[in-house]
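Shown here: work_24.json, JSON, C-alpha atoms.
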[["chain", "number", "residue", "atom", "x", "y", "z"],
["A", 1416, "MET", "CA", 56.48, 6.04, 49.05],
["A", 1417, "ILE", "CA", 53.43, 7.23, 50.97],
["A", 1418, "SER", "CA", 54.30, 8.41, 54.46],
["A", 1419, "ARG", "CA", 51.90, 8.40, 57.39],
["A", 1420, "ARG", "CA", 52.24, 12.19, 57.53],
["A", 1421, "THR", "CA", 51.11, 12.43, 53.90],
["A", 1422, "LEU", "CA", 48.15, 10.17, 54.61],
["A", 1423, "LEU", "CA", 47.14, 12.24, 57.59],
["A", 1424, "GLN", "CA", 47.39, 15.43, 55.55],
["A", 1425, "ALA", "CA", 45.15, 13.80, 52.94],
["A", 1426, "GLY", "CA", 42.62, 12.99, 55.64],
["A", 1427, "LEU", "CA", 43.31, 9.25, 55.65],
["A", 1428, "GLY", "CA", 44.68, 8.81, 59.18],
["A", 1429, "GLY", "CA", 42.96, 7.77, 62.41],
["A", 1430, "MET", "CA", 41.14, 4.91, 60.70],
["A", 1431, "LEU", "CA", 40.54, 2.95, 63.88],
["A", 1432, "ALA", "CA", 39.01, 5.78, 65.90],
["A", 1433, "PRO", "CA", 35.38, 4.86, 66.70],
["A", 1434, "VAL", "CA", 32.83, 7.62, 66.15],
["A", 1435, "LEU", "CA", 29.28, 7.37, 67.39],
["A", 1436, "CYS", "CA", 26.69, 8.54, 64.90],
["A", 1437, "VAL", "CA", 24.28, 10.82, 66.78],
["A", 1438, "ARG", "CA", 21.90, 13.45, 65.56],
["A", 1439, "ALA", "CA", 23.65, 16.64, 64.48],
["A", 1440, "HIS", "CA", 22.43, 19.94, 65.88],
["A", 1441, "ALA", "CA", 23.03, 22.14, 62.86],
["A", 1442, "ALA", "CA", 21.25, 25.45, 62.49],
["A", 1443, "ALA", "CA", 19.77, 24.29, 59.18],
["A", 1444, "PRO", "CA", 19.61, 20.66, 58.03],
["A", 1445, "MET", "CA", 21.82, 19.78, 55.07],
["A", 1446, "ARG", "CA", 20.05, 18.09, 52.18],
["A", 1447, "ALA", "CA", 21.59, 15.00, 50.61],
["A", 1448, "VAL", "CA", 22.07, 16.82, 47.31],
["A", 1449, "ASP", "CA", 24.00, 19.59, 49.11],
["A", 1450, "ALA", "CA", 26.17, 17.05, 50.94],
["A", 1451, "ILE", "CA", 27.03, 15.39, 47.65],
["A", 1452, "GLU", "CA", 27.92, 18.73, 46.07],
["A", 1453, "ARG", "CA", 30.29, 19.30, 48.98],
["A", 1454, "ILE", "CA", 31.90, 15.90, 48.33],
["A", 1455, "LYS", "CA", 32.33, 16.78, 44.66],
["A", 1456, "ALA", "CA", 33.91, 20.12, 45.54],
["A", 1457, "SER", "CA", 36.26, 18.57, 48.13],
["A", 1458, "ILE", "CA", 37.33, 15.31, 46.47],
["A", 1459, "GLY", "CA", 40.41, 16.90, 44.91],
["A", 1460, "VAL", "CA", 39.89, 15.75, 41.30],
["A", 1461, "PRO", "CA", 37.64, 17.13, 38.54],
["A", 1462, "TRP", "CA", 34.21, 15.53, 38.63],
["A", 1463, "ARG", "CA", 33.58, 13.42, 35.56],
["A", 1464, "ALA", "CA", 30.36, 13.42, 33.59],
["A", 1465, "ASP", "CA", 30.76, 9.74, 32.65],
["A", 1466, "THR", "CA", 30.86, 8.01, 36.04],
["A", 1467, "VAL", "CA", 29.01, 5.51, 38.21],
["A", 1468, "ASP", "CA", 29.30, 7.97, 41.12],
["A", 1469, "ARG", "CA", 25.76, 9.24, 41.69],
["A", 1470, "ILE", "CA", 22.66, 8.89, 43.84],
["A", 1471, "VAL", "CA", 21.36, 5.39, 43.16],
["A", 1472, "ALA", "CA", 18.39, 5.45, 45.57],
["A", 1473, "GLY", "CA", 16.48, 7.91, 47.72],
["A", 1474, "ASP", "CA", 15.21, 11.49, 47.58],
["A", 1475, "PRO", "CA", 18.02, 14.04, 47.01],
["A", 1476, "ASP", "CA", 16.13, 16.62, 49.10],
["A", 1477, "THR", "CA", 16.22, 14.42, 52.22],
["A", 1478, "ALA", "CA", 17.71, 16.16, 55.26],
["A", 1479, "VAL", "CA", 20.93, 14.40, 56.30],
["A", 1480, "ARG", "CA", 21.08, 13.33, 59.94],
["A", 1481, "GLY", "CA", 24.31, 11.35, 59.69],
["A", 1482, "ILE", "CA", 26.55, 9.69, 57.10],
["A", 1483, "ALA", "CA", 27.42, 5.99, 56.90],
["A", 1484, "VAL", "CA", 30.38, 4.97, 54.74],
["A", 1485, "THR", "CA", 30.70, 1.40, 53.51],
["A", 1486, "MET", "CA", 32.15, -0.93, 50.89],
["A", 1487, "MET", "CA", 28.78, -2.32, 49.83],
["A", 1488, "ALA", "CA", 25.35, -1.05, 50.80],
["A", 1489, "THR", "CA", 24.00, -4.49, 51.62],
["A", 1490, "LEU", "CA", 20.69, -4.86, 53.45],
["A", 1491, "ASP", "CA", 22.66, -5.59, 56.61],
["A", 1492, "VAL", "CA", 24.61, -2.33, 56.23],
["A", 1493, "LEU", "CA", 21.45, -0.35, 55.45],
["A", 1494, "ARG", "CA", 19.77, -1.70, 58.57],
["A", 1495, "ARG", "CA", 22.76, -0.86, 60.77],
["A", 1496, "ALA", "CA", 22.99, 2.60, 59.24],
["A", 1497, "SER", "CA", 19.32, 3.22, 59.96],
["A", 1498, "ALA", "CA", 19.71, 2.02, 63.55],
["A", 1499, "ALA", "CA", 22.61, 4.48, 63.97],
["A", 1500, "ASP", "CA", 20.49, 7.34, 62.52],
["A", 1501, "CYS", "CA", 22.83, 7.68, 59.51],
["A", 1502, "ASN", "CA", 20.58, 8.22, 56.52],
["A", 1503, "LEU", "CA", 23.10, 9.24, 53.83],
["A", 1504, "VAL", "CA", 24.91, 6.03, 52.85],
["A", 1505, "VAL", "CA", 28.13, 6.45, 50.85],
["A", 1506, "THR", "CA", 29.00, 3.15, 49.20],
["A", 1507, "HIS", "CA", 31.97, 2.14, 47.05],
["A", 1508, "GLU", "CA", 30.37, -0.77, 45.22],
["A", 1509, "PRO", "CA", 26.95, -1.17, 43.57],
["A", 1510, "THR", "CA", 23.77, -1.41, 45.61],
["A", 1511, "PHE", "CA", 21.76, -3.18, 42.90],
["A", 1512, "TYR", "CA", 24.04, -5.99, 41.68],
["A", 1513, "ASP", "CA", 25.48, -4.46, 38.51],
["A", 1514, "HIS", "CA", 28.51, -2.20, 38.15],
["A", 1515, "PHE", "CA", 26.58, 0.38, 36.12],
["A", 1516, "GLU", "CA", 23.35, -0.24, 38.07],
["A", 1517, "LYS", "CA", 21.16, -0.14, 34.98],
["A", 1518, "ALA", "CA", 17.59, -0.05, 36.20],
["A", 1519, "GLU", "CA", 16.24, -2.21, 33.39],
["A", 1520, "ALA", "CA", 18.51, -5.16, 34.20],
["A", 1521, "LEU", "CA", 16.65, -6.08, 37.40],
["A", 1522, "ALA", "CA", 13.54, -3.94, 37.07],
["A", 1523, "ASN", "CA", 11.18, -6.77, 38.02],
["A", 1524, "ASP", "CA", 13.32, -8.44, 40.68],
["A", 1525, "ASP", "CA", 11.55, -8.81, 44.04],
["A", 1526, "LEU", "CA", 14.77, -8.29, 46.04],
["A", 1527, "VAL", "CA", 15.47, -5.01, 44.25],
["A", 1528, "HIS", "CA", 11.94, -3.85, 45.10],
["A", 1529, "ALA", "CA", 12.36, -4.90, 48.73],
["A", 1530, "LYS", "CA", 15.69, -3.10, 49.04],
["A", 1531, "ARG", "CA", 14.35, 0.08, 47.47],
["A", 1532, "ALA", "CA", 11.33, -0.10, 49.75],
["A", 1533, "PHE", "CA", 13.58, -0.29, 52.82],
["A", 1534, "ILE", "CA", 15.59, 2.73, 51.64],
["A", 1535, "GLU", "CA", 12.42, 4.75, 51.02],
["A", 1536, "GLN", "CA", 10.74, 3.68, 54.26],
["A", 1537, "HIS", "CA", 13.75, 4.75, 56.33],
["A", 1538, "ARG", "CA", 14.31, 8.00, 54.43],
["A", 1539, "GLN", "CA", 17.76, 6.94, 53.29],
["A", 1540, "VAL", "CA", 19.79, 8.21, 50.34],
["A", 1541, "VAL", "CA", 22.45, 5.96, 48.81],
["A", 1542, "PHE", "CA", 25.33, 7.65, 47.00],
["A", 1543, "ARG", "CA", 27.97, 5.72, 45.05],
["A", 1544, "LEU", "CA", 31.58, 6.89, 45.44],
["A", 1545, "HIS", "CA", 33.78, 4.62, 43.38],
["A", 1546, "ASP", "CA", 35.53, 6.26, 40.44],
["A", 1547, "HIS", "CA", 36.55, 9.51, 42.08],
["A", 1548, "TRP", "CA", 37.85, 7.87, 45.26],
["A", 1549, "HIS", "CA", 40.16, 5.82, 43.04],
["A", 1550, "LEU", "CA", 41.14, 8.91, 41.03],
["A", 1551, "ARG", "CA", 42.56, 10.77, 44.02],
["A", 1552, "THR", "CA", 46.32, 11.08, 44.48],
["A", 1553, "PRO", "CA", 47.12, 8.85, 46.23],
["A", 1554, "ASP", "CA", 44.31, 6.49, 45.20],
["A", 1555, "GLY", "CA", 41.99, 6.45, 48.23],
["A", 1556, "ILE", "CA", 41.58, 2.68, 48.28],
["A", 1557, "ASP", "CA", 45.30, 1.96, 47.88],
["A", 1558, "ALA", "CA", 46.27, 4.50, 50.54],
["A", 1559, "GLY", "CA", 43.77, 3.06, 53.01],
["A", 1560, "MET", "CA", 44.90, -0.50, 52.35],
["A", 1561, "GLN", "CA", 48.56, 0.43, 52.79],
["A", 1562, "LEU", "CA", 47.75, 2.14, 56.06],
["A", 1563, "ALA", "CA", 45.79, -0.83, 57.39],
["A", 1564, "LEU", "CA", 48.53, -3.28, 56.40],
["A", 1565, "GLY", "CA", 51.46, -1.09, 57.42],
["A", 1566, "TRP", "CA", 52.90, -1.38, 53.91],
["A", 1567, "ALA", "CA", 53.67, 2.30, 53.22],
["A", 1568, "ARG", "CA", 57.32, 1.79, 54.17],
["A", 1569, "ASN", "CA", 57.57, -1.19, 51.78],
["A", 1570, "THR", "CA", 56.56, 0.58, 48.56],
["A", 1571, "VAL", "CA", 58.91, 0.22, 45.60],
["A", 1572, "GLU", "CA", 59.96, 3.57, 44.14],
["A", 1573, "GLY", "CA", 58.45, 4.14, 40.71],
["A", 1574, "LYS", "CA", 56.44, 0.90, 40.82],
["A", 1575, "PRO", "CA", 52.85, 1.62, 41.97],
["A", 1576, "GLY", "CA", 51.27, -1.37, 43.67],
["A", 1577, "GLU", "CA", 54.61, -3.15, 44.23],
["A", 1578, "PHE", "CA", 56.15, -3.80, 47.64],
["A", 1579, "ALA", "CA", 59.44, -5.22, 48.95],
["A", 1580, "PHE", "CA", 59.74, -7.26, 52.16],
["A", 1581, "PRO", "CA", 62.33, -9.29, 54.04],
["A", 1582, "ALA", "CA", 61.98, -12.93, 52.98],
["A", 1583, "THR", "CA", 58.86, -14.35, 54.64],
["A", 1584, "PRO", "CA", 57.31, -17.81, 54.08],
["A", 1585, "LEU", "CA", 54.08, -17.56, 52.10],
["A", 1586, "ARG", "CA", 52.07, -19.26, 54.87],
["A", 1587, "ASP", "CA", 53.17, -16.59, 57.39],
["A", 1588, "PHE", "CA", 52.65, -13.75, 54.94],
["A", 1589, "ALA", "CA", 49.13, -15.00, 54.21],
["A", 1590, "ARG", "CA", 48.32, -15.44, 57.90],
["A", 1591, "THR", "CA", 49.31, -11.84, 58.63],
["A", 1592, "LEU", "CA", 47.18, -10.56, 55.75],
["A", 1593, "ALA", "CA", 44.15, -12.52, 56.93],
["A", 1594, "THR", "CA", 44.53, -11.23, 60.48],
["A", 1595, "ARG", "CA", 45.01, -7.56, 59.60],
["A", 1596, "LEU", "CA", 42.18, -7.46, 57.05],
["A", 1597, "GLY", "CA", 39.72, -9.85, 58.68],
["A", 1598, "ALA", "CA", 39.84, -11.92, 55.48],
["A", 1599, "ASP", "CA", 38.37, -15.09, 56.96],
["A", 1600, "SER", "CA", 37.81, -16.85, 53.63],
["A", 1601, "MET", "CA", 40.83, -15.78, 51.59],
["A", 1602, "ARG", "CA", 42.47, -18.37, 49.33],
["A", 1603, "VAL", "CA", 46.16, -19.04, 48.77],
["A", 1604, "LEU", "CA", 47.89, -20.71, 45.81],
["A", 1605, "GLY", "CA", 51.53, -21.79, 45.94],
["A", 1606, "ASP", "CA", 54.11, -23.52, 48.11],
["A", 1607, "PRO", "CA", 53.47, -22.57, 51.78],
["A", 1608, "GLY", "CA", 57.22, -22.31, 52.32],
["A", 1609, "LEU", "CA", 57.83, -20.00, 49.34],
["A", 1610, "PRO", "CA", 60.05, -17.06, 50.45],
["A", 1611, "VAL", "CA", 58.08, -13.88, 49.68],
["A", 1612, "ARG", "CA", 60.22, -10.82, 48.98],
["A", 1613, "ARG", "CA", 58.52, -8.92, 46.15],
["A", 1614, "VAL", "CA", 54.73, -8.48, 46.13],
["A", 1615, "ALA", "CA", 52.36, -6.90, 43.61],
["A", 1616, "ALA", "CA", 48.87, -5.98, 44.82],
["A", 1617, "ARG", "CA", 45.77, -5.27, 42.76],
["A", 1618, "TRP", "CA", 42.86, -4.48, 45.06],
["A", 1619, "GLY", "CA", 39.32, -5.36, 44.03],
["A", 1620, "TYR", "CA", 38.70, -7.18, 40.75],
["A", 1621, "ALA", "CA", 42.04, -7.87, 39.10],
["A", 1622, "GLY", "CA", 40.80, -8.32, 35.53],
["A", 1623, "TRP", "CA", 43.01, -10.03, 32.95],
["A", 1624, "GLY", "CA", 44.32, -7.29, 30.73],
["A", 1625, "PRO", "CA", 47.83, -6.91, 29.26],
["A", 1626, "GLU", "CA", 49.17, -5.13, 32.36],
["A", 1627, "LEU", "CA", 48.19, -7.94, 34.72],
["A", 1628, "ARG", "CA", 49.32, -10.67, 32.31],
["A", 1629, "ALA", "CA", 52.73, -9.02, 32.09],
["A", 1630, "LEU", "CA", 52.87, -8.69, 35.88],
["A", 1631, "ALA", "CA", 51.96, -12.35, 36.39],
["A", 1632, "ALA", "CA", 54.75, -13.38, 34.00],
["A", 1633, "ARG", "CA", 57.51, -11.43, 35.73],
["A", 1634, "ASP", "CA", 60.19, -13.58, 37.36],
["A", 1635, "ASP", "CA", 60.96, -11.00, 40.05],
["A", 1636, "ILE", "CA", 57.42, -11.03, 41.52],
["A", 1637, "ASP", "CA", 57.08, -13.74, 44.17],
["A", 1638, "LEU", "CA", 53.46, -13.07, 45.10],
["A", 1639, "LEU", "CA", 50.37, -11.50, 43.56],
["A", 1640, "VAL", "CA", 47.67, -10.28, 45.95],
["A", 1641, "VAL", "CA", 44.25, -9.56, 44.41],
["A", 1642, "GLY", "CA", 40.70, -9.08, 45.55],
["A", 1643, "GLU", "CA", 39.13, -11.46, 43.08],
["A", 1644, "ALA", "CA", 39.87, -13.00, 39.68],
["A", 1645, "ARG", "CA", 38.29, -15.42, 37.26],
["A", 1646, "GLU", "CA", 39.59, -18.90, 37.93],
["A", 1647, "TRP", "CA", 40.12, -19.76, 34.27],
["A", 1648, "GLU", "CA", 42.30, -16.67, 33.78],
["A", 1649, "LEU", "CA", 44.73, -15.45, 36.45],
["A", 1650, "VAL", "CA", 44.23, -18.41, 38.81],
["A", 1651, "GLU", "CA", 44.80, -21.05, 36.14],
["A", 1652, "TYR", "CA", 47.77, -19.10, 34.78],
["A", 1653, "MET", "CA", 49.45, -18.94, 38.19],
["A", 1654, "GLN", "CA", 48.72, -22.61, 38.84],
["A", 1655, "ASP", "CA", 50.26, -23.61, 35.51],
["A", 1656, "ARG", "CA", 53.32, -21.44, 36.16],
["A", 1657, "GLY", "CA", 53.85, -23.38, 39.36],
["A", 1658, "ASP", "CA", 53.39, -26.72, 37.60],
["A", 1659, "ASN", "CA", 55.89, -25.53, 34.96],
["A", 1660, "GLY", "CA", 58.59, -25.05, 37.59],
["A", 1661, "ALA", "CA", 58.21, -21.39, 38.63],
["A", 1662, "ARG", "CA", 57.86, -20.69, 42.35],
["A", 1663, "ARG", "CA", 55.04, -18.19, 42.57],
["A", 1664, "GLY", "CA", 52.22, -17.40, 44.97],
["A", 1665, "LEU", "CA", 48.76, -15.95, 44.58],
["A", 1666, "ILE", "CA", 46.46, -14.69, 47.33],
["A", 1667, "VAL", "CA", 42.80, -14.04, 46.57],
["A", 1668, "LEU", "CA", 41.54, -11.94, 49.46],
["A", 1669, "GLY", "CA", 37.91, -11.52, 48.42],
["A", 1670, "HIS", "CA", 36.61, -8.23, 47.06],
["A", 1671, "VAL", "CA", 35.36, -6.80, 50.37],
["A", 1672, "ALA", "CA", 38.56, -7.56, 52.30],
["A", 1673, "SER", "CA", 40.72, -6.17, 49.50],
["A", 1674, "GLU", "CA", 39.18, -2.67, 49.53],
["A", 1675, "GLN", "CA", 37.35, -2.25, 52.82],
["A", 1676, "ALA", "CA", 40.18, -0.39, 54.57],
["A", 1677, "GLY", "CA", 40.14, 2.08, 51.69],
["A", 1678, "MET", "CA", 36.55, 3.00, 52.53],
["A", 1679, "GLN", "CA", 37.41, 3.26, 56.21],
["A", 1680, "ALA", "CA", 39.94, 5.85, 55.05],
["A", 1681, "CYS", "CA", 37.13, 7.51, 53.11],
["A", 1682, "ALA", "CA", 35.09, 7.81, 56.30],
["A", 1683, "ASP", "CA", 38.05, 9.47, 58.02],
["A", 1684, "TRP", "CA", 38.35, 11.95, 55.16],
["A", 1685, "LEU", "CA", 34.62, 12.70, 55.13],
["A", 1686, "ARG", "CA", 34.76, 13.54, 58.84],
["A", 1687, "THR", "CA", 37.05, 16.44, 57.93],
["A", 1688, "VAL", "CA", 34.63, 17.54, 55.20],
["A", 1689, "PHE", "CA", 31.43, 17.37, 57.26],
["A", 1690, "GLU", "CA", 32.44, 18.22, 60.83],
["A", 1691, "PRO", "CA", 30.37, 18.41, 63.04],
["A", 1692, "LEU", "CA", 27.91, 16.26, 61.02],
["A", 1693, "PRO", "CA", 28.48, 12.70, 62.26],
["A", 1694, "VAL", "CA", 30.17, 10.24, 59.92],
["A", 1695, "ARG", "CA", 30.44, 6.56, 60.77],
["A", 1696, "PHE", "CA", 32.22, 3.73, 59.01],
["A", 1697, "MET", "CA", 29.97, 0.69, 58.49],
["A", 1698, "PRO", "CA", 32.08, -2.35, 57.59],
["A", 1699, "THR", "CA", 30.54, -4.75, 55.11],
["A", 1700, "ARG", "CA", 30.29, -8.23, 56.55],
["A", 1701, "GLU", "CA", 32.52, -10.93, 55.03],
["A", 1702, "PRO", "CA", 30.07, -12.75, 52.70],
["A", 1703, "PHE", "CA", 31.58, -16.26, 52.88],
["A", 1704, "TRP", "CA", 32.23, -18.82, 55.57],
["A", 1705, "THR", "CA", 34.52, -21.84, 55.47],
["A", 1706, "ILE", "CA", 34.26, -25.41, 56.74],
["A", 1707, "GLY", "CA", 36.74, -26.49, 59.40]]

Using structure tokens, write down the structure from this file.
Amino acid sequence: MISRRTLLQAGLGGMLAPVLCVRAHAAAPMRAVDAIERIKASIGVPWRADTVDRIVAGDPDTAVRGIAVTMMATLDVLRRASAADCNLVVTHEPTFYDHFEKAEALANDDLVHAKRAFIEQHRQVVFRLHDHWHLRTPDGIDAGMQLALGWARNTVEGKPGEFAFPATPLRDFARTLATRLGADSMRVLGDPGLPVRRVAARWGYAGWGPELRALAARDDIDLLVVGEAREWELVEYMQDRGDNGARRGLIVLGHVASEQAGMQACADWLRTVFEPLPVRFMPTREPFWTIG
């Protein structure tokens, strides 16, 4: 079980404290490459050679005026970061529409060129921090999500990602999730009155490997909560389990909503690494809207 004291000691507390991003008055400006080396030295896990965590855009020698931390470095986020004078952007997810961000995949795409041009024009540097934030103990995304949801006290001993609750109707459980995470377009599968007692959460993309298939088949799990999943895999499986007589629920939060609090926790941690250099959390806007 992850206590609030443990989270605070890991630099993951105070997630809701607003911090204005203003120009730092350091004796000597810190270059982006130096800031990234400090992140590598402070992250708490050995830095891997095979990783997506790297500078994906911008000049490494750029002097850092402020740091923006986000889930996805969308154009909207980049514009807000520039307006706040935060020119080192630390993003969890890809900036150029592919997990490995292979340059050749979209080399001739006009949107890629426009996005790179904005980054260069505004002297920004975009750094990916995905693998190593997940590799921390506790996992940075999971710890931040638990803190935002208030689930730390509900963890099941020896079962990472599993939580126990007093019986709560699925409709009420889902409504609370949507409110706390700002998940305006989340989707719910299952009987609205289903009593939810045991929950398994897989933030981000759930995949469909043996571990998740086994989890989805367990009779003691009332509800699966995921960021996203292919509808012909996990979603169809859970729907068919319901049609076959099992009372199960599935909540698909959306990828941003399912990990965003973890990157807010990352911003809190980076404030301890870079004080007094300003660090600001830039939430990624919910991409979808619903009718009605």

> Which residues, written as a PyMOL selection string, have at least one atom at most 7 Å from Phe1578 in chain A, with all atoms listed in the file counted and residues fewer than 6 positions away on the same chain left out?
Replying inline: chain A and resi 1569-1571+1613-1615

How close does range 1589-1691 of chain A get to range 1523-1547 of chain A? List, as a tab-separated table, each residue of range 1589-1691 of chain A within 12 Å, its nearest atom pair and the distance in Å to one decimal, counting only C-alpha atoms.
residue	atom	partner	partner_atom	distance
A:Gly1619	CA	A:His1545	CA	11.4
A:Glu1674	CA	A:His1545	CA	11.0
A:Gly1677	CA	A:His1545	CA	10.8
A:Met1678	CA	A:Leu1544	CA	9.5
A:Cys1681	CA	A:Leu1544	CA	9.5
A:Ala1682	CA	A:Leu1544	CA	11.5
A:Leu1685	CA	A:Leu1544	CA	11.7

>> I'd like the contact shell of range 1641-1657 of chain A - 6 Å cut-off, all atoms listed in the file, skipping same-chain residues fewer than 3 positions apart - returned as an NGL selection string.
In response: :A and (1616-1621 or 1660-1662 or 1667-1670 or 1673)

>> Just to confirm, what's the straight-line distance from CA of Pro1693 in chain A to CA of Asn1502 in chain A in Å (one decimal)?
In response: 10.7 Å

> Just how far from CA of Glu1626 in chain A is CA of His1507 in chain A, in Å to one decimal?
Replying inline: 23.8 Å

> Which residues, written as a list in words, have at least one atom at most 10 Å from Ser1600 in chain A, with all atoms listed in the file counted and residues fewer than 5 positions away on the same chain left out?
Replying inline: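 Answer for this query is Ala1593, Val1667, Leu1668, Gly1669, Ala1672, Glu1701, Pro1702, Phe1703, Trp1704, Thr1705 and Ile1706 of chain A.
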